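For reference, upload15.csv (CSV, C-alpha atoms and all ligand atoms):
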```csv
chain,number,residue,atom,x,y,z
A,19,MET,CA,271.7,94.1,216.1
A,20,ASP,CA,273.8,93.8,219.3
A,21,LYS,CA,271.8,90.8,220.4
A,22,PHE,CA,272.8,89.1,217.2
A,23,LEU,CA,276.4,90.1,217.0
A,24,GLY,CA,277.2,90.3,220.7
A,25,SER,CA,278.4,93.1,223.0
A,26,SER,CA,281.4,95.3,222.0
A,27,VAL,CA,283.6,93.1,224.2
A,28,THR,CA,282.4,89.9,222.4
A,29,LYS,CA,283.0,91.6,219.0
A,30,LYS,CA,286.5,92.7,220.0
A,31,PHE,CA,287.2,89.2,221.1
A,32,VAL,CA,286.0,87.5,218.0
A,33,MET,CA,287.8,90.1,215.9
A,34,ALA,CA,291.0,89.5,217.8
A,35,ILE,CA,290.8,85.7,217.3
A,36,ALA,CA,290.2,86.2,213.6
A,37,GLY,CA,293.1,88.7,213.5
A,38,LEU,CA,295.5,86.2,215.2
A,39,PHE,CA,294.5,83.6,212.7
A,40,ILE,CA,295.3,86.0,209.8
A,41,ILE,CA,298.7,86.7,211.6
A,42,LEU,CA,299.5,83.0,211.4
A,43,PHE,CA,298.3,82.7,207.8
A,44,LEU,CA,300.7,85.6,206.8
A,45,LEU,CA,303.6,83.6,208.2
A,46,VAL,CA,302.8,80.5,206.1
A,47,HIS,CA,302.0,82.7,203.1
A,48,LEU,CA,305.4,84.5,203.4
A,49,GLY,CA,307.3,81.2,203.8
A,50,ILE,CA,305.8,79.8,200.6
A,51,ASN,CA,306.3,83.1,198.7
A,52,PHE,CA,310.0,83.0,199.5
A,53,LEU,CA,310.1,80.1,197.0
A,54,LEU,CA,309.6,82.8,194.3
A,55,LEU,CA,313.1,84.0,194.9
A,56,ILE,CA,314.8,80.8,193.7
A,57,ASP,CA,315.4,80.4,190.0
A,58,ASP,CA,313.5,77.1,189.6
A,59,PRO,CA,309.7,77.6,189.2
A,60,VAL,CA,308.9,74.0,190.2
A,61,PRO,CA,309.1,74.3,194.1
A,62,PHE,CA,306.8,77.4,194.2
A,63,ASN,CA,304.3,76.0,191.6
A,64,SER,CA,304.2,72.7,193.4
A,65,ALA,CA,303.5,74.4,196.7
A,66,ALA,CA,300.8,76.5,195.0
A,67,HIS,CA,299.3,73.4,193.4
A,68,PHE,CA,299.3,71.6,196.7
A,69,MET,CA,297.7,74.6,198.4
A,70,ALA,CA,295.0,74.7,195.7
A,71,ASN,CA,294.2,71.0,195.8
A,72,ASN,CA,294.7,69.7,199.3
A,73,VAL,CA,291.5,69.1,201.3
A,74,VAL,CA,292.9,70.3,204.6
A,75,VAL,CA,294.2,73.5,203.0
A,76,LYS,CA,290.8,74.0,201.4
A,77,VAL,CA,289.1,73.8,204.8
A,78,PHE,CA,291.7,76.2,206.2
A,79,GLU,CA,291.0,78.5,203.3
A,80,ILE,CA,287.3,78.6,204.2
A,81,VAL,CA,288.1,79.4,207.8
A,82,LEU,CA,290.6,82.0,206.7
A,83,PHE,CA,288.1,83.8,204.5
A,84,ALA,CA,285.5,83.6,207.3
A,85,GLY,CA,288.2,85.1,209.5
A,86,PHE,CA,288.8,87.9,207.1
A,87,LEU,CA,285.1,88.6,206.7
A,88,ILE,CA,284.4,88.6,210.4
A,89,HIS,CA,287.4,90.7,211.1
A,90,ILE,CA,286.3,93.3,208.4
A,91,ILE,CA,282.6,93.4,209.3
A,92,TYR,CA,283.2,93.6,213.1
A,93,GLY,CA,286.0,96.2,212.5
A,94,ILE,CA,283.5,98.4,210.6
A,95,ILE,CA,280.7,97.9,213.2
A,96,LEU,CA,283.1,98.7,216.1
A,97,GLN,CA,284.3,101.8,214.3
A,98,ILE,CA,280.8,103.1,213.7
A,99,GLN,CA,279.9,102.4,217.3
A,100,ASN,CA,283.0,104.4,218.3
A,101,TRP,CA,282.0,107.3,216.1
A,102,LEU,CA,278.4,107.3,217.5
A,103,ALA,CA,279.6,107.1,221.1
A,104,ARG,CA,281.7,110.3,220.5
A,105,PRO,CA,279.5,112.6,218.5
A,106,SER,CA,281.3,115.8,219.6
A,107,ARG,CA,284.8,116.3,218.4
A,108,TYR,CA,287.2,117.4,221.1
A,109,LYS,CA,289.1,120.5,220.2
A,110,LYS,CA,292.2,119.4,222.0
A,111,THR,CA,292.9,115.9,223.0
A,112,ALA,CA,296.0,114.8,225.0
A,113,PHE,CA,298.3,113.0,222.7
A,114,SER,CA,298.5,109.3,223.3
A,115,GLN,CA,300.3,106.9,221.0
A,116,THR,CA,297.6,104.2,221.4
A,117,SER,CA,294.7,106.4,220.5
A,118,PHE,CA,296.8,107.9,217.6
A,119,PHE,CA,297.2,104.5,215.9
A,120,SER,CA,293.7,103.1,216.9
A,121,LYS,CA,292.2,106.2,215.3
A,122,TYR,CA,293.7,105.2,211.9
A,123,MET,CA,293.2,101.4,212.1
A,124,ILE,CA,289.9,101.6,210.1
A,125,TYR,CA,291.6,103.6,207.3
A,126,LEU,CA,294.6,101.2,207.3
A,127,GLY,CA,292.2,98.3,207.2
A,128,ILE,CA,290.3,99.8,204.2
A,129,ILE,CA,293.6,100.3,202.3
A,130,ILE,CA,294.6,96.7,203.0
A,131,GLY,CA,291.1,95.6,201.9
A,132,ILE,CA,291.7,97.5,198.6
A,133,PHE,CA,295.1,95.8,198.3
A,134,LEU,CA,293.6,92.4,198.9
A,135,PHE,CA,291.0,93.0,196.1
A,136,ILE,CA,293.8,93.9,193.7
A,137,HIS,CA,295.9,91.0,194.9
A,138,PHE,CA,293.0,88.6,194.3
A,139,ILE,CA,292.6,89.9,190.8
A,140,ASN,CA,296.3,89.2,190.3
A,141,PHE,CA,296.2,85.6,191.6
A,142,TYR,CA,293.3,84.2,193.5
A,143,PHE,CA,290.6,85.0,190.9
A,144,VAL,CA,292.8,83.4,188.3
A,145,LYS,CA,292.7,80.2,190.3
A,146,LEU,CA,288.9,80.5,190.4
A,147,GLY,CA,288.8,81.1,186.6
A,148,TRP,CA,287.3,84.6,187.0
A,149,VAL,CA,290.4,86.3,185.6
A,150,GLU,CA,292.5,85.1,182.7
A,151,GLY,CA,295.9,83.6,183.5
A,152,ASP,CA,297.9,80.4,184.0
A,153,HIS,CA,297.0,79.2,187.5
A,154,GLU,CA,299.4,76.3,187.1
A,155,ASN,CA,302.2,78.8,186.8
A,156,PHE,CA,301.8,81.5,189.5
A,157,TYR,CA,305.6,81.6,189.6
A,158,GLY,CA,305.6,83.0,186.0
A,159,MET,CA,302.7,85.3,186.8
A,160,ALA,CA,304.4,86.8,189.8
A,161,ASN,CA,307.5,87.3,187.8
A,162,ASP,CA,305.6,89.2,185.1
A,163,LEU,CA,303.6,91.2,187.6
A,164,PHE,CA,306.7,92.4,189.5
A,165,HIS,CA,308.3,93.7,186.4
A,166,LEU,CA,305.6,96.3,186.2
A,167,PRO,CA,306.6,99.4,188.3
A,168,LEU,CA,302.9,100.3,189.0
A,169,TYR,CA,302.4,97.0,190.8
A,170,ILE,CA,305.7,97.2,192.7
A,171,VAL,CA,304.5,100.6,194.0
A,172,ILE,CA,301.0,99.3,194.9
A,173,TYR,CA,302.4,96.2,196.7
A,174,LEU,CA,305.2,98.1,198.6
A,175,VAL,CA,303.0,100.9,199.7
A,176,SER,CA,300.4,98.4,200.9
A,177,PHE,CA,303.0,96.5,202.9
A,178,LEU,CA,304.0,99.7,204.6
A,179,PHE,CA,300.4,100.2,205.7
A,180,LEU,CA,300.2,96.5,206.6
A,181,ALA,CA,303.1,97.0,209.0
A,182,PHE,CA,301.3,99.8,210.9
A,183,HIS,CA,298.1,97.8,211.0
A,184,LEU,CA,299.7,94.7,212.2
A,185,ASN,CA,301.7,96.5,214.9
A,186,HIS,CA,298.6,98.0,216.5
A,187,ALA,CA,296.6,94.8,215.8
A,188,PHE,CA,299.0,92.6,217.7
A,189,GLN,CA,298.9,94.7,220.9
A,190,SER,CA,295.2,95.3,220.7
A,191,ALA,CA,294.4,91.6,220.3
A,192,PHE,CA,296.4,90.7,223.4
A,193,GLN,CA,294.8,93.6,225.3
A,194,THR,CA,291.4,92.2,224.4
A,195,PHE,CA,292.5,88.8,225.8
A,196,GLY,CA,293.3,90.6,229.1
A,197,LEU,CA,297.0,89.5,228.8
A,198,ASN,CA,298.3,93.0,228.3
A,199,ASP,CA,299.2,94.2,231.8
A,200,ARG,CA,301.8,91.7,232.9
A,201,TYR,CA,303.1,90.9,229.4
A,202,THR,CA,302.8,94.3,227.8
A,203,PRO,CA,306.6,94.9,227.2
A,204,VAL,CA,307.1,91.4,225.7
A,205,ILE,CA,304.0,91.5,223.6
A,206,LYS,CA,304.9,94.9,222.3
A,207,LYS,CA,308.3,93.6,221.3
A,208,ILE,CA,307.0,90.5,219.6
A,209,GLY,CA,304.3,92.6,217.8
A,210,LEU,CA,306.8,95.2,216.7
A,211,THR,CA,309.3,92.5,215.5
A,212,TYR,CA,306.5,90.6,213.6
A,213,SER,CA,305.0,93.7,212.1
A,214,ILE,CA,308.4,94.9,210.8
A,215,LEU,CA,309.8,91.5,209.6
A,216,VAL,CA,306.7,90.1,207.9
A,217,PRO,CA,305.9,93.2,205.7
A,218,LEU,CA,309.7,93.5,205.1
A,219,GLY,CA,309.8,89.9,204.0
A,220,PHE,CA,306.9,90.4,201.6
A,221,SER,CA,308.6,93.6,200.3
A,222,ILE,CA,311.8,91.8,199.5
A,223,ILE,CA,310.0,89.6,196.9
A,224,PRO,CA,308.9,92.2,194.4
A,225,ILE,CA,312.1,94.1,194.8
A,226,VAL,CA,314.3,91.1,194.2
A,227,ILE,CA,312.2,90.0,191.2
A,228,TYR,CA,312.3,93.5,189.7
A,229,PHE,CA,316.0,94.0,190.0
A,230,PHE,CA,317.5,90.6,189.8
A,231,LYS,CA,315.3,88.3,187.8
B,1,LIG,C1,304.9,89.7,197.6
B,1,LIG,C2,303.8,89.5,198.3
B,1,LIG,C3,302.8,88.4,197.9
B,1,LIG,C4,302.8,87.5,196.9
B,1,LIG,C5,303.8,87.3,195.8
B,1,LIG,C6,301.6,86.8,197.0
B,1,LIG,C7,301.2,85.7,196.2
B,1,LIG,C8,300.0,85.0,196.2
B,1,LIG,C9,299.6,84.0,195.3
B,1,LIG,C10,300.5,83.4,194.2
B,1,LIG,C11,298.4,83.5,195.7
B,1,LIG,C12,297.6,82.4,195.1
B,1,LIG,C13,297.9,81.1,195.7
B,1,LIG,C14,296.8,80.1,195.6
B,1,LIG,O1,295.7,80.5,195.7
B,1,LIG,O2,297.2,78.9,195.5
B,1,LIG,C15,298.0,84.3,196.9
B,1,LIG,C16,296.8,84.2,197.6
B,1,LIG,C17,296.4,85.0,198.7
B,1,LIG,N1,297.2,86.0,199.3
B,1,LIG,FE1,299.0,86.6,198.7
B,1,LIG,N2,300.9,87.2,198.1
B,1,LIG,C18,301.6,88.3,198.7
B,1,LIG,C19,301.2,89.0,199.8
B,1,LIG,C20,300.0,88.9,200.5
B,1,LIG,C21,299.6,89.7,201.6
B,1,LIG,C22,300.5,90.8,202.3
B,1,LIG,C23,298.4,89.2,202.0
B,1,LIG,C24,297.5,89.7,203.1
B,1,LIG,C25,297.5,90.9,203.6
B,1,LIG,C26,298.0,88.2,201.1
B,1,LIG,C27,296.8,87.5,201.2
B,1,LIG,C28,296.5,86.5,200.3
B,1,LIG,C29,295.2,85.7,200.5
B,1,LIG,C30,294.1,85.9,201.5
B,1,LIG,C31,295.2,84.8,199.4
B,1,LIG,C32,294.1,83.7,199.1
B,1,LIG,C33,294.2,82.5,200.0
B,1,LIG,C34,295.1,81.5,199.5
B,1,LIG,O3,295.1,81.2,198.3
B,1,LIG,O4,295.9,80.9,200.2
B,1,LIG,N3,299.0,88.0,200.2
B,1,LIG,N4,299.0,85.2,197.2
```
Translate the structure described by the file into structure tokens.
Ligand code: HEM
Amino acid sequence: MDKFLGSSVTKKFVMAIAGLFIILFLLVHLGINFLLLIDDPVPFNSAAHFMANNVVVKVFEIVLFAGFLIHIIYGIILQIQNWLARPSRYKKTAFSQTSFFSKYMIYLGIIIGIFLFIHFINFYFVKLGWVEGDHENFYGMANDLFHLPLYIVIYLVSFLFLAFHLNHAFQSAFQTFGLNDRYTPVIKKIGLTYSILVPLGFSIIPIVIYFFK
């Protein structure tokens, strides 16, 4: 298995690259989603239409999904390897912030995976024709969705977990690249800023739609 997938270091490296790619994707996704906040549906629907039909974006989407898949599969394998390497549970471990968050990364990841599945049912599977809906009017669909309190809660809670996942992911990726020592304080600050602002930006969308549209 290891011969095929590489050593733990290789796995962490590939996972970090895939993670950074997802971090970039989220910025673009958020930028486009802000168009949902204006009253005119045309800009958002045109952007969604462009994203759905442009060849470069389609290639990007394949790389993105490959990135997600690699990130998830390697994350699960690394977690299992960690569990196997530490069969005995220590009664008392010294508290360390890093180990505290890394311990929960797998669970945060699973919750985000469940969110993504729900999110795909809401939008992406509509585009593929697997779920009923008007894929030419994602603006209208988002407006309908975010008038349902259940979905507001699902999305907002998921963004909170996303914030914790991203914060640790950022630092961990740069640690894997060996950049952490010298740049630790800067990377921590960038990571913290990103992991607060991006989920906050996503959270604003359902809240504004629910209360003001
Ligand atoms: C308020 C928040 C969000 C809204 C309104 C939203 C809306 C959408 C819409 C309308 C699509 C379909 C676009 C298309 O396929 O042309 C989409 C796709 C997608 N979303 Fe989101 N999204 C949100 C948050 C997120 C978050 C937090 C993630 C990741 C953790 C995410 C990951 C994806 C992915 C992977 C796709 C499929 C790839 C793509 O079509 O570009 N989304 N989203």
Tell me which residues come within 10 Å of (294.5, 78.7, 189.3), as a compact mmCIF listing (two decimals) with C-alpha atoms, keeping the file's coordinate frame, counting only C-alpha atoms in the file's coordinates.
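The resulting file, result39.txt, is reproduced below:
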```
# COMPACT_ATOMS: atom_id res chain seq x y z
CA ALA A 66 300.80 76.50 195.00
CA HIS A 67 299.30 73.40 193.40
CA ALA A 70 295.00 74.70 195.70
CA PHE A 141 296.20 85.60 191.60
CA TYR A 142 293.30 84.20 193.50
CA PHE A 143 290.60 85.00 190.90
CA VAL A 144 292.80 83.40 188.30
CA LYS A 145 292.70 80.20 190.30
CA LEU A 146 288.90 80.50 190.40
CA GLY A 147 288.80 81.10 186.60
CA TRP A 148 287.30 84.60 187.00
CA VAL A 149 290.40 86.30 185.60
CA GLU A 150 292.50 85.10 182.70
CA GLY A 151 295.90 83.60 183.50
CA ASP A 152 297.90 80.40 184.00
CA HIS A 153 297.00 79.20 187.50
CA GLU A 154 299.40 76.30 187.10
CA ASN A 155 302.20 78.80 186.80
CA PHE A 156 301.80 81.50 189.50
```
* Write out as a ChimeraX atom specification the residues lying within 8 Å of A:Ile50, counting only C-alpha atoms and excluding same-chain residues fewer than 3 positions away. => /A:46-47,53-54,62,65
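Shortest separation to ligand LIG 1 (chain B) among A:Val32, A:Leu197, A:Ile170, A:Ile223 occurs at residue A:Ile223, atoms counted being all atoms listed in the file.
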* To do: Considering all atoms listed in the file, state which residue in the set A:Leu168, A:Met33, A:Ile88, A:Leu178 is at the smallest distance from A:Ile129.
  =>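 So, comparing all the options, the nearest one is A:Leu178.
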* How many Å lie between atom C27 of ligand LIG 1 (chain B) and atom CA of A:Ile56, rounded to one decimal? -> 20.6 Å
Quick one: what's the axis-aligned box for ligand LIG 1 (chain B), all listed atoms, 6 Å on every side, centre and edges in Å to one decimal, as lines of an AutoDock Vina configuration file?
```
center_x = 299.5
center_y = 84.9
center_z = 198.9
size_x = 22.8
size_y = 24.0
size_z = 21.4
```
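Taking atom C12 of ligand LIG 1 (chain B) and atom CA of A:Ser64 as endpoints, the distance between them is 11.9 Å.
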* Between A:Tyr157, A:Leu42, A:Lys29, A:Ile139, which one has atoms that come closest to A:Ile94, using only C-alpha atoms? -> A:Lys29
* To do: For A:Ile95, work out the shell of residues within 12 Å, counting only C-alpha atoms and skipping chain neighbours fewer than 2 positions away, then give it as a list of chain:residue names.
  =>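 Listed by chain and then number, they are A:Met19, A:Asp20, A:Leu23, A:Gly24, A:Ser25, A:Ser26, A:Lys29, A:Lys30, A:Met33, A:Ile88, A:His89, A:Ile90, A:Ile91, A:Tyr92, A:Gly93, A:Gln97, A:Ile98, A:Gln99, A:Asn100, A:Trp101, A:Leu102, A:Ile124.
The space between atom CA of A:Gly209 and atom CA of A:Asn185 spans 5.5 Å.
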* Quick one: residues within 12 Å of A:Ile208, all atoms listed in the file counted, chain neighbours fewer than 2 positions away excluded, as a PyMOL selection string? -> chain A and resi 184-189+192+201-206+210-216
* Shortest interatomic distance to ligand LIG 1 (chain B) - which of A:Tyr169, A:Phe39, A:Phe78, A:Phe220, counting all atoms listed in the file -> A:Phe220
